Amino acid sequence: MTHAQIRCLTAPNASPLTGTGTNTYLIGTREITVIDPGPDIDAHLDGVLAAVGSARISQIIVTHAHRDQSALAKRLRARTGAPVLAFGDAFSGRSPRMTALAPHLGSGGEGLDLDFEPDLKLVDGDRICGPDWELVAHHTPGHLGGHLCLALGQTLFSGDHVMGWSTSIVAPPDGDMADYMASLLRLSEGRWQRFLPGHGAPIEDPIARLRDLINHRLQREASILAELARGPARIPGLAARIYRDTPATLLSAAERNIHAHLIDLESRKLVFASPAPLLDAVYARP
Ligand SMILES: [Zn+2]
């Protein structure tokens with residue numbers, strides 16, 4: 001069941017936030033399932049169609065509605081007639097907490113695909129069948145509320161939930177840190193052999209990688225609490241002290257990550273936010 005041929009095409013959209021570019025995966029040889037068509041770039045569409053050749057794309061699965069993953073779905077569907085499967089649109093699965101904060105926050109800033117609409121909606125545990133293999137959908141909210149990972153036996157297409165080259169961005173209101181941690185913990189109960197991420201190289205030691213990511217977030221949380229123990233602070237000051245070695249181009253992403261932690265800490269009553277857990281609030285320990 002796990003012997004289906006898997007090919008990876010990396011889109012030409014390298015950047016500080018996408019690493020070497022978005023990975024588009026093709027499963028199968030004659031009946032092909034595409035996971036994450038990628039950004040809407042002519043050269044990438046041509047590359048996918050050339051790789052498919054005389055075979056047929058039977059379905060297009062999207063892990064989440066960020067443009068670098070999903071935007072090409074529309075043209076690929078138009079060219080091939082294949083249905084698009086995903087959890088939902090860009091706002092599906094958003095947590096109640098982020099829904100309440102969203103009007104005060106704007107976008108998480110990572111390129112929501114506002115036009116995205118799947119033909120078929122997947123929920124946790126759904127099975128998607130190929131000719132001689134089967135994918136299982138795992139709803140893994142956190143990076144985005146509607147994020148899915150897809151399991152092919154012990155191989156997991158991990159999207160942006162677990163990436164090969166960097167930690168994931170969790171930027172409110174699109175991202176939710178409490179959900180992200182819960183999704184990491186849930187995946188770490190699985191028996192995985194390797195992860196094929198939305199960006200970066202295959203992860204051959206996925207359980208260790210999950211453990212590292214969980215520890216990384218716990219350490220980040222501890223750093224924030226330690227900084228706040230010295231006195232009340234705002235997010236830019238915390239980011240400058242905690243992300244000392246981060247290049248300037250990534251500092252706003254770092255600030256949004258800290259904000260995600262602070263919202264989670266506030267809801268756990270470990271931190272106070274005045275007047276509310278927004279980007280420009282003052283944060284303090286109780
Ligand atoms: Zn993403």
# chains A, B, ... in the order shown; residues from 1 in each chain; ligands from 1

$ residues_near_ligand --ligand "ligand 1" --cutoff "7 Å" --atoms "only C-alpha atoms and all ligand atoms" --output "PDB file with N, CA, C and O atoms, in the first residue's frame"
ATOM      1  N   HIS A  64      -3.617  23.206   2.733  1.00  0.00           N
ATOM      2  CA  HIS A  64      -4.199  24.389   3.361  1.00  0.00           C
ATOM      3  C   HIS A  64      -4.213  25.533   2.370  1.00  0.00           C
ATOM      4  O   HIS A  64      -3.458  25.555   1.399  1.00  0.00           O
ATOM      5  N   HIS A  66      -3.154  28.521   1.820  1.00  0.00           N
ATOM      6  CA  HIS A  66      -2.167  29.583   1.646  1.00  0.00           C
ATOM      7  C   HIS A  66      -1.779  29.572   0.174  1.00  0.00           C
ATOM      8  O   HIS A  66      -1.572  28.494  -0.394  1.00  0.00           O
ATOM      9  N   GLN A  69       0.652  27.280  -1.525  1.00  0.00           N
ATOM     10  CA  GLN A  69       0.292  25.855  -1.608  1.00  0.00           C
ATOM     11  C   GLN A  69      -0.876  25.612  -2.571  1.00  0.00           C
ATOM     12  O   GLN A  69      -0.934  24.611  -3.252  1.00  0.00           O
ATOM     13  N   GLU A 110       0.439  35.679   5.908  1.00  0.00           N
ATOM     14  CA  GLU A 110       1.204  34.707   5.128  1.00  0.00           C
ATOM     15  C   GLU A 110       0.511  34.333   3.824  1.00  0.00           C
ATOM     16  O   GLU A 110       0.709  33.250   3.296  1.00  0.00           O
ATOM     17  N   HIS A 143      -1.064  25.965  12.160  1.00  0.00           N
ATOM     18  CA  HIS A 143      -0.494  26.879  11.158  1.00  0.00           C
ATOM     19  C   HIS A 143      -1.641  27.595  10.437  1.00  0.00           C
ATOM     20  O   HIS A 143      -1.583  28.796  10.179  1.00  0.00           O
ATOM     21  N   ASP A 160       2.597  22.450   5.810  1.00  0.00           N
ATOM     22  CA  ASP A 160       3.353  23.465   6.550  1.00  0.00           C
ATOM     23  C   ASP A 160       3.276  23.218   8.053  1.00  0.00           C
ATOM     24  O   ASP A 160       3.764  24.031   8.837  1.00  0.00           O
TER      25      ASP A 160
END

$ closest_atom_pairs --of "stretch 62-98 of chain A" --to "stretch 119-133 of chain A" --cutoff "8 Å" --atoms "only C-alpha atoms" --output "CSV"
residue,atom,partner,partner_atom,distance
A:Pro83,CA,A:Asp119,CA,5.8
A:Val84,CA,A:Asp119,CA,5.2
A:Leu85,CA,A:Leu120,CA,4.8
A:Ala86,CA,A:Lys121,CA,5.3
A:Phe87,CA,A:Leu122,CA,4.7
A:Gly88,CA,A:Lys121,CA,5.8

$ closest_residue --among "A:Gly175, A:Arg211, A:Pro236, A:Ala284" --to "A:Pro96" --atoms "only C-alpha atoms"
A:Gly175

$ residues_around --residues "A:Leu148" --least-positions-apart "4" --cutoff "6 Å" --atoms "only C-alpha atoms" --output "PyMOL selection string"
chain A and resi 63+138-140

$ atom_distance --atom1 "atom CA of A:Arg75" --atom2 "atom CA of A:Gly159"
20.5 Å
